[in-house]
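What follows is the content of final-v2.txt, which has compact mmCIF, C-alpha atoms and all ligand atoms:
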# COMPACT_ATOMS: atom_id res chain seq x y z
CA MET G 210 243.87 205.40 96.61
CA GLN G 211 242.24 203.68 93.66
CA ASN G 212 244.48 202.41 90.92
CA ASP G 213 244.37 204.09 87.55
CA TYR G 214 243.25 201.60 84.94
CA THR G 215 242.88 204.11 82.10
CA GLN G 216 245.71 202.63 80.04
CA MET G 217 244.32 199.12 80.38
CA TRP G 218 240.84 200.26 79.32
CA THR G 219 242.32 202.19 76.39
CA ASP G 220 244.28 199.12 75.29
CA LEU G 221 241.06 197.11 75.41
CA GLY G 222 239.43 199.60 73.05
CA LEU G 223 236.81 200.87 75.49
CA ASP G 224 235.01 204.15 74.89
CA LEU G 225 236.45 205.88 77.95
CA GLN G 226 233.81 208.55 78.23
CA ALA G 227 230.89 206.13 77.97
CA HIS G 228 232.69 203.73 80.28
CA ASP G 229 233.17 206.45 82.92
CA GLN G 230 229.46 207.20 82.75
CA LEU G 231 228.62 203.53 83.18
CA LEU G 232 230.90 203.20 86.21
CA GLU G 233 229.40 206.28 87.76
CA VAL G 234 225.84 205.03 87.37
CA LEU G 235 226.86 201.59 88.58
CA GLY G 236 228.62 203.03 91.63
CA GLN G 237 225.66 205.24 92.55
CA GLY G 238 223.20 202.39 92.09
CA TYR G 239 225.34 200.13 94.24
CA GLU G 240 225.52 202.69 97.06
CA GLN G 241 221.76 203.19 97.02
CA VAL G 242 220.76 199.55 96.76
CA PHE G 243 223.41 197.68 98.75
CA MET G 244 225.23 200.02 101.11
CA SER G 245 221.98 201.44 102.50
CA GLN G 246 220.87 198.05 103.83
CA ALA G 247 220.72 197.57 107.59
CA ASN G 248 222.28 194.62 109.46
CA ARG G 249 224.58 193.49 106.68
CA PRO G 250 227.02 190.70 107.54
CA GLU G 251 230.63 191.87 107.78
CA GLY G 252 231.65 189.23 105.24
CA MET G 253 229.82 191.19 102.53
CA ALA G 254 232.80 193.58 102.56
CA TYR G 255 234.61 191.15 100.28
CA PHE G 256 231.80 191.20 97.72
CA ASP G 257 231.57 195.00 97.97
CA PHE G 258 235.27 195.13 97.20
CA VAL G 259 234.89 192.82 94.20
CA MET G 260 232.12 195.03 92.89
CA SER G 261 234.16 198.19 93.42
CA GLU G 262 236.95 196.64 91.34
CA VAL G 263 234.70 194.91 88.83
CA HIS G 264 236.22 196.73 85.86
CA GLY G 265 239.58 197.27 87.56
CA LEU G 266 241.46 194.67 89.55
CA ARG G 267 239.59 191.67 88.14
CA ILE G 268 240.27 192.81 84.57
CA LYS G 269 243.92 193.34 85.50
CA GLU G 270 243.97 189.74 86.73
CA LEU G 271 242.48 188.58 83.43
CA MET G 272 245.08 190.55 81.48
CA ASP G 273 247.90 189.09 83.60
CA ALA G 274 246.51 185.59 83.02
CA LYS G 275 246.38 186.24 79.28
CA ALA G 276 249.99 187.42 79.34
CA GLU G 277 250.86 184.00 80.78
CA GLY G 278 249.10 182.36 77.86
CA ARG G 279 245.86 181.48 79.65
CA LYS G 280 242.59 181.93 77.77
CA VAL G 281 239.57 183.98 78.83
CA VAL G 282 236.19 182.69 77.74
CA GLY G 283 233.00 184.76 77.99
CA SER G 284 229.57 183.17 78.22
CA PHE G 285 225.91 184.19 78.43
CA CYS G 286 224.45 180.98 79.80
CA VAL G 287 224.84 178.43 82.59
CA PHE G 288 225.03 175.61 80.05
CA VAL G 289 228.62 176.55 79.26
CA PRO G 290 230.72 174.15 81.39
CA GLU G 291 233.24 176.05 83.50
CA GLU G 292 234.81 172.70 84.44
CA ILE G 293 236.17 172.25 80.89
CA VAL G 294 237.46 175.83 80.73
CA LEU G 295 239.30 175.33 84.04
CA ALA G 296 240.70 172.03 82.76
CA VAL G 297 242.82 173.99 80.26
CA ASP G 298 243.75 176.62 82.91
CA GLY G 299 241.30 178.98 81.26
CA ILE G 300 239.01 181.50 82.97
CA LEU G 301 235.27 181.58 82.36
CA VAL G 302 233.49 184.88 82.89
CA GLY G 303 229.78 185.54 82.70
CA LEU G 304 229.04 188.51 80.50
CA CYS G 305 226.83 191.05 82.25
CA THR G 306 223.56 191.54 80.50
CA GLY G 307 221.67 193.41 83.18
CA ALA G 308 221.49 197.03 81.97
CA ASP G 309 220.40 198.97 78.90
CA PHE G 310 223.21 200.57 76.97
CA ALA G 311 223.58 202.12 73.50
CA THR G 312 219.87 201.42 72.96
CA GLU G 313 219.55 203.45 69.78
CA GLU G 314 222.38 201.51 68.16
CA VAL G 315 220.92 198.23 69.36
CA ASP G 316 217.49 199.04 67.93
CA LYS G 317 219.10 199.38 64.49
CA ILE G 318 220.21 195.76 64.45
CA LEU G 319 217.73 193.89 66.66
CA PRO G 320 213.93 193.87 66.61
CA ARG G 321 212.35 196.08 69.25
CA ASN G 322 210.56 193.11 70.74
CA THR G 323 213.80 191.45 71.82
CA CYS G 324 214.24 190.83 75.55
CA ALA G 325 216.33 193.32 77.54
CA LEU G 326 218.93 190.68 78.37
CA ILE G 327 219.84 190.08 74.73
CA LYS G 328 219.70 193.79 73.93
CA SER G 329 222.00 194.46 76.85
CA ALA G 330 224.65 192.07 75.49
CA PHE G 331 224.59 193.95 72.20
CA GLY G 332 224.51 197.35 73.92
CA PHE G 333 227.66 196.60 75.91
CA LYS G 334 229.42 195.52 72.73
CA LEU G 335 228.25 198.40 70.55
CA GLY G 336 228.83 200.94 73.33
CA LYS G 337 232.35 199.57 73.93
CA VAL G 338 231.96 199.60 77.70
CA CYS G 339 232.51 195.98 78.76
CA PRO G 340 236.13 195.02 79.49
CA TYR G 341 235.08 191.38 79.94
CA LEU G 342 233.71 191.19 76.41
CA GLU G 343 236.77 192.92 75.05
CA SER G 344 239.27 190.75 76.90
CA ALA G 345 237.63 187.42 75.99
CA ASP G 346 239.58 185.20 73.59
CA LEU G 347 236.37 183.32 72.84
CA ILE G 348 232.75 184.22 73.34
CA VAL G 349 230.41 181.29 73.68
CA GLY G 350 226.79 181.58 72.63
CA GLU G 351 224.21 178.82 72.78
CA ASN G 352 221.13 177.80 70.83
CA THR G 353 218.68 178.25 73.66
CA CYS G 354 215.71 180.60 73.12
CA ASP G 355 214.85 181.90 69.65
CA GLY G 356 215.91 185.43 70.57
CA LYS G 357 219.38 184.33 71.56
CA LYS G 358 220.04 181.85 68.80
CA LYS G 359 219.00 184.24 66.03
CA SER G 360 220.80 187.22 67.55
CA TYR G 361 224.09 185.29 67.69
CA GLU G 362 224.02 185.31 63.88
CA THR G 363 224.33 189.10 64.15
CA LEU G 364 226.74 189.04 67.11
CA ALA G 365 229.09 186.87 65.04
CA GLY G 366 229.75 189.93 62.88
CA LEU G 367 230.55 192.11 65.90
CA VAL G 368 233.02 190.02 67.89
CA PRO G 369 236.26 188.42 66.71
CA ALA G 370 235.58 184.89 67.92
CA LEU G 371 232.08 183.58 68.59
CA TYR G 372 231.47 179.90 69.20
CA VAL G 373 227.89 178.64 69.43
CA MET G 374 226.91 175.51 71.36
CA ASP G 375 223.96 173.64 69.94
CA LEU G 376 221.73 172.75 72.87
CA PRO G 377 218.82 170.30 73.01
CA GLN G 378 215.29 171.50 73.69
CA THR G 379 213.85 168.28 75.10
CA LYS G 380 215.01 165.74 77.66
CA SER G 381 214.78 162.71 75.34
CA LEU G 382 217.59 160.19 74.88
CA ARG G 383 218.34 161.67 71.47
CA ALA G 384 218.54 165.10 73.05
CA ARG G 385 221.05 163.79 75.57
CA GLU G 386 223.15 162.48 72.68
CA LEU G 387 223.23 165.99 71.25
CA MET G 388 224.33 167.38 74.62
CA GLN G 389 227.03 164.74 74.82
CA ALA G 390 228.31 165.55 71.33
CA GLU G 391 228.27 169.28 72.05
CA MET G 392 230.18 168.84 75.31
CA LYS G 393 232.84 166.91 73.39
CA ARG G 394 232.97 169.57 70.69
CA PHE G 395 233.43 172.27 73.34
CA PHE G 396 236.10 170.13 75.04
CA HIS G 397 238.07 169.97 71.76
CA LYS G 398 237.52 173.66 71.09
CA MET G 399 239.05 174.49 74.46
CA GLU G 400 241.99 172.20 73.75
CA GLU G 401 242.44 173.85 70.37
CA ILE G 402 242.46 177.46 71.59
CA SER G 403 244.63 176.76 74.63
CA GLY G 404 247.05 174.21 73.18
CA VAL G 405 246.46 172.12 76.32
CA THR G 406 245.51 168.44 76.15
CA ILE G 407 242.87 167.66 78.74
CA ASP G 408 243.47 164.45 80.65
CA ALA G 409 241.40 162.95 83.44
CA ALA G 410 243.43 164.67 86.17
CA ARG G 411 242.91 168.11 84.60
CA LEU G 412 239.19 167.61 84.13
CA LYS G 413 238.81 166.21 87.61
CA LYS G 414 240.51 169.27 89.07
CA GLY G 415 238.19 171.56 87.07
CA ILE G 416 235.18 169.62 88.34
CA GLN G 417 236.42 169.81 91.93
CA LEU G 418 236.89 173.58 91.79
CA VAL G 419 233.41 174.19 90.43
CA THR G 420 231.85 171.66 92.81
CA GLU G 421 233.45 173.41 95.79
CA LYS G 422 232.03 176.69 94.57
CA ARG G 423 228.55 175.20 94.14
CA LYS G 424 228.75 173.57 97.57
CA ALA G 425 229.55 176.92 99.17
CA LEU G 426 226.49 178.38 97.43
CA HIS G 427 224.41 175.45 98.73
CA ARG G 428 225.68 176.25 102.20
CA LEU G 429 224.53 179.84 101.81
CA ASN G 430 221.11 178.66 100.62
CA GLU G 431 220.80 176.29 103.55
CA LEU G 432 221.36 179.19 105.96
CA ARG G 433 218.64 181.26 104.30
CA LYS G 434 216.04 178.74 105.49
CA ASN G 435 216.25 180.29 108.96
CA ASP G 436 213.89 182.84 110.41
CA PRO G 437 215.15 185.52 110.81
CA ALA G 438 216.94 185.20 107.46
CA PRO G 439 220.62 185.85 108.25
CA ILE G 440 221.24 187.67 104.95
CA SER G 441 219.09 189.76 102.64
CA GLY G 442 217.95 188.46 99.27
CA LEU G 443 219.76 191.36 97.64
CA ASP G 444 223.10 190.34 99.13
CA ALA G 445 222.47 186.68 98.28
CA LEU G 446 221.69 187.69 94.70
CA LEU G 447 224.88 189.73 94.54
CA ILE G 448 226.90 186.71 95.67
CA ASN G 449 225.24 184.64 92.95
CA GLN G 450 226.11 187.32 90.41
CA VAL G 451 229.71 187.71 91.55
CA GLN G 452 230.37 183.98 91.18
CA PHE G 453 230.18 184.41 87.40
CA TYR G 454 233.36 186.43 87.14
CA ASP G 455 235.37 186.11 90.33
CA ASP G 456 238.28 183.72 90.73
CA PRO G 457 236.56 180.46 91.79
CA VAL G 458 239.00 179.52 94.57
CA ARG G 459 238.97 182.98 96.16
CA PHE G 460 235.20 183.25 95.76
CA THR G 461 234.63 179.89 97.45
CA ALA G 462 236.90 180.75 100.38
CA SER G 463 235.24 184.16 100.85
CA LEU G 464 231.76 182.70 100.68
CA ASN G 465 232.59 179.95 103.16
CA LYS G 466 233.95 182.61 105.52
CA LEU G 467 230.73 184.57 105.15
CA CYS G 468 228.74 181.39 105.84
CA ASP G 469 230.71 180.88 109.09
CA GLU G 470 229.58 184.33 110.13
CA LEU G 471 225.98 183.59 109.10
CA GLU G 472 226.04 180.41 111.17
CA THR G 473 226.95 182.48 114.22
CA ARG G 474 224.17 184.92 113.38
CA VAL G 475 221.68 182.06 113.17
CA ALA G 476 222.88 180.64 116.49
CA GLU G 477 222.41 184.06 118.10
CA GLY G 478 219.00 184.54 116.47
CA LYS G 479 220.24 187.59 114.52
CA GLY G 480 219.06 188.39 111.03
CA ALA G 481 219.14 190.90 108.20
CA PHE G 482 215.41 191.40 108.83
CA ALA G 483 213.29 190.87 111.94
CA LYS G 484 211.94 187.42 112.77
CA GLY G 485 208.53 186.93 111.18
CA THR G 486 209.27 189.15 108.15
CA PRO G 487 207.17 187.87 105.19
CA ARG G 488 209.25 185.44 103.14
CA VAL G 489 209.08 185.33 99.36
CA MET G 490 210.79 183.37 96.66
CA VAL G 491 211.64 184.76 93.25
CA SER G 492 211.41 182.54 90.19
CA GLY G 493 212.02 183.16 86.52
CA CYS G 494 214.50 184.85 84.19
CA PRO G 495 218.10 185.32 85.29
CA MET G 496 219.08 188.63 86.90
CA ALA G 497 222.53 189.66 85.69
CA VAL G 498 224.59 192.53 87.13
CA PRO G 499 223.43 195.30 87.57
CA ASN G 500 219.80 194.19 87.40
CA TRP G 501 218.75 194.68 91.03
CA LYS G 502 215.45 196.46 90.39
CA LEU G 503 212.88 193.88 91.44
CA PRO G 504 214.73 192.50 94.51
CA MET G 505 215.28 196.08 95.66
CA ILE G 506 211.55 196.78 95.35
CA ILE G 507 210.57 193.55 97.11
CA GLU G 508 212.87 194.04 100.07
CA SER G 509 211.96 197.71 100.42
CA THR G 510 208.31 196.71 100.89
CA GLY G 511 209.14 194.82 104.06
CA ALA G 512 209.55 191.27 102.72
CA VAL G 513 212.69 189.19 102.54
CA ILE G 514 213.68 187.10 99.52
CA VAL G 515 214.73 183.67 100.74
CA GLY G 516 215.50 181.91 97.45
CA GLU G 517 215.94 182.41 93.71
CA GLU G 518 214.72 179.84 91.24
CA SER G 519 216.87 181.29 88.49
CA CYS G 520 220.05 180.67 86.55
CA VAL G 521 221.58 183.34 88.77
CA GLY G 522 220.44 181.22 91.71
CA GLU G 523 219.48 177.63 92.34
CA ARG G 524 218.69 176.59 88.78
CA GLY G 525 222.26 177.34 87.84
CA THR G 526 223.96 175.75 90.83
CA ARG G 527 221.79 173.11 92.49
CA ASN G 528 223.07 170.05 90.62
CA LEU G 529 226.55 168.73 91.30
CA VAL G 530 228.69 166.57 89.04
CA SER G 531 228.62 163.06 90.53
CA ASP G 532 231.60 162.15 92.62
CA GLY G 533 233.94 159.17 92.21
CA GLU G 534 234.41 159.09 88.43
CA GLU G 535 238.01 158.45 87.35
CA SER G 536 238.48 158.03 83.60
CA LEU G 537 238.12 160.88 81.13
CA ASP G 538 235.07 159.21 79.57
CA GLU G 539 233.39 158.73 82.93
CA LEU G 540 234.08 162.32 83.93
CA MET G 541 232.65 163.61 80.65
CA GLU G 542 229.53 161.47 81.10
CA ALA G 543 229.10 162.82 84.62
CA LEU G 544 229.35 166.35 83.23
CA VAL G 545 226.75 165.63 80.54
CA ASP G 546 224.42 164.18 83.19
CA ARG G 547 224.83 167.27 85.34
CA TYR G 548 224.24 169.84 82.63
CA PHE G 549 221.37 167.89 81.07
CA LYS G 550 219.40 168.34 84.31
CA ILE G 551 219.22 172.14 84.02
CA ASP G 552 215.52 172.96 83.73
CA CYS G 553 215.62 176.14 81.65
CA ALA G 554 212.25 177.13 80.21
CA ILE G 555 213.57 176.51 76.70
CA PHE G 556 212.94 172.79 77.34
CA THR G 557 209.65 171.27 76.40
CA PRO G 558 207.95 169.86 78.34
CA ASN G 559 209.65 171.10 81.48
CA PRO G 560 207.88 169.63 84.53
CA GLU G 561 211.11 169.54 86.57
CA ARG G 562 211.08 173.31 86.88
CA LEU G 563 207.54 173.39 88.24
CA ASP G 564 208.43 170.69 90.75
CA HIS G 565 211.56 172.57 91.74
CA VAL G 566 209.69 175.82 92.43
CA LYS G 567 207.19 173.99 94.64
CA GLU G 568 209.91 172.11 96.44
CA MET G 569 211.91 175.30 97.02
CA THR G 570 208.87 177.11 98.38
CA GLY G 571 208.46 174.43 101.03
CA ARG G 572 212.16 174.13 101.77
CA TYR G 573 212.63 177.86 102.34
CA ASN G 574 209.29 178.21 104.07
CA ALA G 575 208.30 180.95 101.62
CA GLN G 576 204.81 182.39 101.93
CA GLY G 577 204.60 183.36 98.28
CA VAL G 578 206.33 183.22 94.90
CA ILE G 579 207.01 186.22 92.69
CA HIS G 580 207.49 185.12 89.10
CA TYR G 581 209.72 187.47 87.17
CA SER G 582 209.75 187.52 83.37
CA LEU G 583 211.51 189.92 81.11
CA GLN G 584 209.26 191.46 78.51
CA PHE G 585 209.39 189.54 75.22
CA CYS G 586 210.83 186.45 76.90
CA GLN G 587 208.51 183.84 75.48
CA PRO G 588 209.88 180.76 77.28
CA TYR G 589 209.53 182.16 80.81
CA GLN G 590 206.38 184.17 80.14
CA THR G 591 204.63 181.17 78.65
CA GLU G 592 205.78 178.87 81.43
CA SER G 593 204.69 181.35 84.10
CA ILE G 594 201.00 180.66 83.41
CA PRO G 595 200.99 176.89 84.13
CA LEU G 596 203.47 177.56 86.92
CA GLU G 597 201.08 179.99 88.59
CA LYS G 598 198.18 177.55 88.21
CA SER G 599 200.16 174.70 89.62
CA LEU G 600 201.31 176.78 92.61
CA GLU G 601 197.83 178.11 93.28
CA ASN G 602 196.55 174.50 93.26
CA GLU G 603 198.93 173.93 96.15
CA LYS G 604 197.63 177.09 97.84
CA ILE G 605 200.93 178.88 97.20
CA LYS G 606 200.24 182.54 96.46
CA THR G 607 201.89 183.74 93.27
CA LEU G 608 202.44 187.09 91.64
CA ARG G 609 203.44 187.20 87.98
CA LEU G 610 205.41 190.26 86.94
CA GLU G 611 206.84 191.35 83.63
CA THR G 612 209.36 194.11 83.36
CA ASP G 613 212.53 195.26 81.63
CA TYR G 614 215.61 197.23 82.68
CA SER G 615 214.00 200.68 82.59
CA GLN G 616 213.20 202.54 85.80
CA GLU G 617 209.86 203.80 84.56
CA ASP G 618 207.71 201.04 86.00
CA ILE G 619 209.24 201.06 89.49
CA GLU G 620 206.23 202.65 91.20
CA GLN G 621 203.79 200.42 89.36
CA LEU G 622 205.77 197.33 90.36
CA ARG G 623 206.06 198.58 93.93
CA THR G 624 202.29 198.95 94.21
CA ARG G 625 201.73 195.39 93.02
CA VAL G 626 204.47 193.94 95.23
CA GLU G 627 203.17 195.84 98.27
CA ALA G 628 199.66 194.47 97.76
CA PHE G 629 201.08 190.95 97.36
CA VAL G 630 203.25 191.17 100.49
CA GLU G 631 200.26 192.47 102.47
CA MET G 632 198.23 189.52 101.28
CA ILE G 633 200.78 186.85 102.25
CA ALA G 634 201.89 188.43 105.53
S1 LIG T 1 217.55 180.95 81.37
FE1 LIG T 1 218.15 179.32 79.93
S2 LIG T 1 219.14 180.40 78.28
FE2 LIG T 1 219.12 181.79 80.04
S3 LIG T 1 221.06 181.44 81.16
FE3 LIG T 1 219.55 180.10 82.00
S4 LIG T 1 219.80 178.16 80.92
FE4 LIG T 1 220.78 179.75 79.70
S1 LIG T 2 215.36 186.17 79.19
FE1 LIG T 2 214.17 184.80 77.90
S2 LIG T 2 214.19 185.68 75.85
FE2 LIG T 2 215.81 186.66 77.05
S3 LIG T 2 217.63 185.45 76.61
FE3 LIG T 2 216.71 184.54 78.44
S4 LIG T 2 215.35 182.91 77.73
FE4 LIG T 2 215.89 184.22 75.96
Now, as a test, write the supplied structure out as structure tokens.
Amino acid sequence: MQNDYTQMWTDLGLDLQAHDQLLEVLGQGYEQVFMSQANRPEGMAYFDFVMSEVHGLRIKELMDAKAEGRKVVGSFCVFVPEEIVLAVDGILVGLCTGADFATEEVDKILPRNTCALIKSAFGFKLGKVCPYLESADLIVGENTCDGKKKSYETLAGLVPALYVMDLPQTKSLRARELMQAEMKRFFHKMEEISGVTIDAARLKKGIQLVTEKRKALHRLNELRKNDPAPISGLDALLINQVQFYDDPVRFTASLNKLCDELETRVAEGKGAFAKGTPRVMVSGCPMAVPNWKLPMIIESTGAVIVGEESCVGERGTRNLVSDGEESLDELMEALVDRYFKIDCAIFTPNPERLDHVKEMTGRYNAQGVIHYSLQFCQPYQTESIPLEKSLENEKIKTLRLETDYSQEDIEQLRTRVEAFVEMIA
């Protein structure tokens, strides 16, 4: 029998009626999109369980941790270093921004032409339906795209504690100095809110935990190179989404166990889809829970997604912090180096991302790339045009799509994806 979390949700100040509705829609969507898939690995049961308890058991764990004096930090971006949060025994959670909520309220305080991801963050706050947002001791924003950095000025009035990281927009030496200074500022902020002094041993442990998690994700990616693909793109995306709020040690162990199973599948020539299924890669804006629309369309047209060039995917996890550093200064420098490599489209120029998409296409043996932009996302929309040209120059077929979180364009998207998959097959 499921536990009753009503008291916990009430204590967090959630709107219980709206929250029930959200959970119902989420549960139905999950059944339709994930549980209907054929040939799922058994190890996905763990991730199904995490999802079924996403507002229950995991929140209870956060509340228990808080009762022990540990801090919960919420973030919207992969630039926020989990290593430093773990170094003070804190917990970093990604804040879901993958569904429309309280849209009328949101439209009163944000321009209509704001991307769905930003609107979603506000909708979950205004609708009082996100227990992660409500349990966070600190919410970290970042000066990335214009939409985000300006909207944080408004968010500051809605949440008790918002901290904004100032991020560089170029990869110059001066920009690296800003990143370095901001990492230090965040380091001290975490010390201040937790009362913990970070020494080299603490930071090293935080780095090790996150590195193990990233290595497990690399292992999963490596297995997806095979034909037949041992796991669907939808399930791989889910794993990438779950890593933002699950306990890192438990997540890593569960993912490694799943990878053991996938290795056996590969050895036996078994897959989630038949051998020879058209292989596509998805590149572009991050897909946060429960944004599963486009992958669901792609995989229902008879293609398999074999990689995600996204912050909820390889862009967010591919780089590791260099090994072998010992002193606190060296460890911090290694962290700065690692985070400075992230090739988000807010950087200008940003050739690394184009190179990465091409390299991934070859590595995963993808027959085409579907570029996904959210409407009104200038950085990714603008970058998608040179990206498409550059891929087409290499004879890599590309489809550029723009969408939002509504369901209205599903058939239109399906028609375009079907035509694309037919062309690359
Ligand atoms: S796309 Fe850019 S702004 Fe968005 S999460 Fe990734 S790094 Fe952060
Ligand atoms: S999707 Fe684009 S516009 Fe929206 S928050 Fe991310 S970078 Fe900014």
Which residues of stretch 316-350 of chain G sit at most 7 Å from stretch 361-376 of chain G, using only C-alpha atoms? Give each one's shortest atom pair and distance in Å (one decimal place), in chain and ascending residue order, as CSV.
residue,atom,partner,partner_atom,distance
G:Asp346,CA,G:Ala370,CA,6.9
G:Leu347,CA,G:Ala370,CA,5.2
G:Ile348,CA,G:Leu371,CA,4.8
G:Val349,CA,G:Tyr372,CA,4.8
G:Gly350,CA,G:Val373,CA,4.5
- With all atoms listed in the file as the basis for distance, which of G:Glu431, G:Asp213, G:Glu313, G:Glu421 is at the shortest distance from G:Leu266?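 Using all atoms listed in the file, G:Leu266 sits closest to G:Asp213.
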Residues within 7 Å of stretch 286-290 of chain G, only C-alpha atoms, excluding chain neighbours under 6 positions, as an mmCIF file with C-alpha atoms, keeping the file's coordinate frame:
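Saved the output as around18.cif:
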data_model
loop_
_atom_site.group_PDB
_atom_site.id
_atom_site.type_symbol
_atom_site.label_atom_id
_atom_site.label_comp_id
_atom_site.auth_asym_id
_atom_site.auth_seq_id
_atom_site.Cartn_x
_atom_site.Cartn_y
_atom_site.Cartn_z
ATOM 1 C CA CYS G 520 220.050 180.670 86.550
ATOM 2 C CA GLY G 525 222.260 177.340 87.840
ATOM 3 C CA TYR G 548 224.240 169.840 82.630
#
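When only C-alpha atoms are used to measure the gap to G:Tyr239, the shortest distance among G:Asn212, G:Ile579, G:Phe256, G:Thr473 belongs to G:Phe256.
If you measure from each of G:Val578, G:Ala483, G:Val281, G:Leu326 to ligand LIG 1 (chain T) using only C-alpha atoms and all ligand atoms, the closest one turns out to be G:Leu326.
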- Item | G:Gly516 surroundings by all atoms listed in the file, 8 Å radius, close-in-sequence under 4 positions cut, as a list in words | Asn430, Arg433, Gly442, Val489, Met490, Val491, Gly522, Glu523, Met569 and Tyr573 of chain G
- Task: Residues up to 9 Å from ligand LIG 2 (chain T), counting all atoms listed in the file: could you list those as an MDAnalysis selection string?
- Result: chainID G and resid 285:286 323:328 353:358 493:496 553:555 582:590
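Here atom CA of G:Gly236 is placed at a distance of 7.6 Å from atom CA of G:Ser261.
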Against stretch 296-300 of chain G, which residues of stretch 456-500 of chain G fall within 12 Å? For each one I want the closest pair of atoms and the distance in Å (one decimal), counting all atoms listed in the file, rows by chain and increasing residue number, as JSON lines.
{"residue": "G:Asp456", "atom": "CA", "partner": "G:Ile300", "partner_atom": "CA", "distance": 8.1}
{"residue": "G:Pro457", "atom": "CA", "partner": "G:Ile300", "partner_atom": "CA", "distance": 9.2}
{"residue": "G:Val458", "atom": "CA", "partner": "G:Ile300", "partner_atom": "CA", "distance": 11.8}
Limited to C-alpha atoms, could you put the picked residues into a file as a PDB file, in the coordinates of the input?
ATOM      1  CA  ASP G 456     238.280 183.720  90.730  1.00  0.00           C
ATOM      2  CA  PRO G 457     236.560 180.460  91.790  1.00  0.00           C
ATOM      3  CA  VAL G 458     239.000 179.520  94.570  1.00  0.00           C
TER       4      VAL G 458
END
Centre, x/y/z edge lengths, axis-aligned box for stretch 440-447 of chain G with 8 Å per side, as lines of an AutoDock Vina configuration file:
center_x = 221.4
center_y = 189.0
center_z = 99.7
size_x = 22.9
size_y = 20.7
size_z = 26.4
Stretch 278-320 of chain G dumped to file, C-alpha atoms, as a JSON list (two decimals), in the first residue's frame:
[["chain", "number", "residue", "atom", "x", "y", "z"],
["G", 278, "GLY", "CA", 20.59, 19.79, 9.72],
["G", 279, "ARG", "CA", 21.54, 19.04, 6.11],
["G", 280, "LYS", "CA", 20.69, 21.63, 3.46],
["G", 281, "VAL", "CA", 18.65, 21.11, 0.29],
["G", 282, "VAL", "CA", 19.62, 23.21, -2.70],
["G", 283, "GLY", "CA", 17.45, 23.51, -5.82],
["G", 284, "SER", "CA", 18.88, 24.40, -9.21],
["G", 285, "PHE", "CA", 17.73, 25.01, -12.77],
["G", 286, "CYS", "CA", 21.01, 24.53, -14.59],
["G", 287, "VAL", "CA", 23.93, 22.12, -14.98],
["G", 288, "PHE", "CA", 26.39, 24.89, -14.16],
["G", 289, "VAL", "CA", 25.53, 24.58, -10.47],
["G", 290, "PRO", "CA", 28.29, 22.34, -9.04],
["G", 291, "GLU", "CA", 26.81, 19.40, -7.15],
["G", 292, "GLU", "CA", 30.32, 18.56, -5.91],
["G", 293, "ILE", "CA", 30.37, 21.66, -3.68],
["G", 294, "VAL", "CA", 26.87, 20.98, -2.34],
["G", 295, "LEU", "CA", 27.88, 17.42, -1.45],
["G", 296, "ALA", "CA", 31.05, 18.74, 0.20],
["G", 297, "VAL", "CA", 28.88, 20.30, 2.93],
["G", 298, "ASP", "CA", 26.68, 17.15, 3.15],
["G", 299, "GLY", "CA", 24.01, 19.04, 1.26],
["G", 300, "ILE", "CA", 21.63, 17.65, -1.37],
["G", 301, "LEU", "CA", 21.28, 19.19, -4.82],
["G", 302, "VAL", "CA", 18.00, 18.69, -6.64],
["G", 303, "GLY", "CA", 17.14, 19.74, -10.16],
["G", 304, "LEU", "CA", 13.88, 21.61, -10.26],
["G", 305, "CYS", "CA", 11.49, 20.16, -12.81],
["G", 306, "THR", "CA", 10.61, 22.61, -15.50],
["G", 307, "GLY", "CA", 9.02, 20.28, -18.01],
["G", 308, "ALA", "CA", 5.27, 20.98, -17.82],
["G", 309, "ASP", "CA", 2.89, 23.92, -18.04],
["G", 310, "PHE", "CA", 1.18, 24.81, -14.80],
["G", 311, "ALA", "CA", -0.79, 27.82, -13.51],
["G", 312, "THR", "CA", -0.35, 29.39, -16.95],
["G", 313, "GLU", "CA", -2.79, 32.23, -16.40],
["G", 314, "GLU", "CA", -0.95, 33.31, -13.27],
["G", 315, "VAL", "CA", 2.39, 33.01, -15.02],
["G", 316, "ASP", "CA", 1.23, 35.15, -17.95],
["G", 317, "LYS", "CA", 0.52, 37.96, -15.48],
["G", 318, "ILE", "CA", 4.15, 38.23, -14.45],
["G", 319, "LEU", "CA", 6.17, 37.02, -17.44],
["G", 320, "PRO", "CA", 6.01, 38.06, -21.10]]
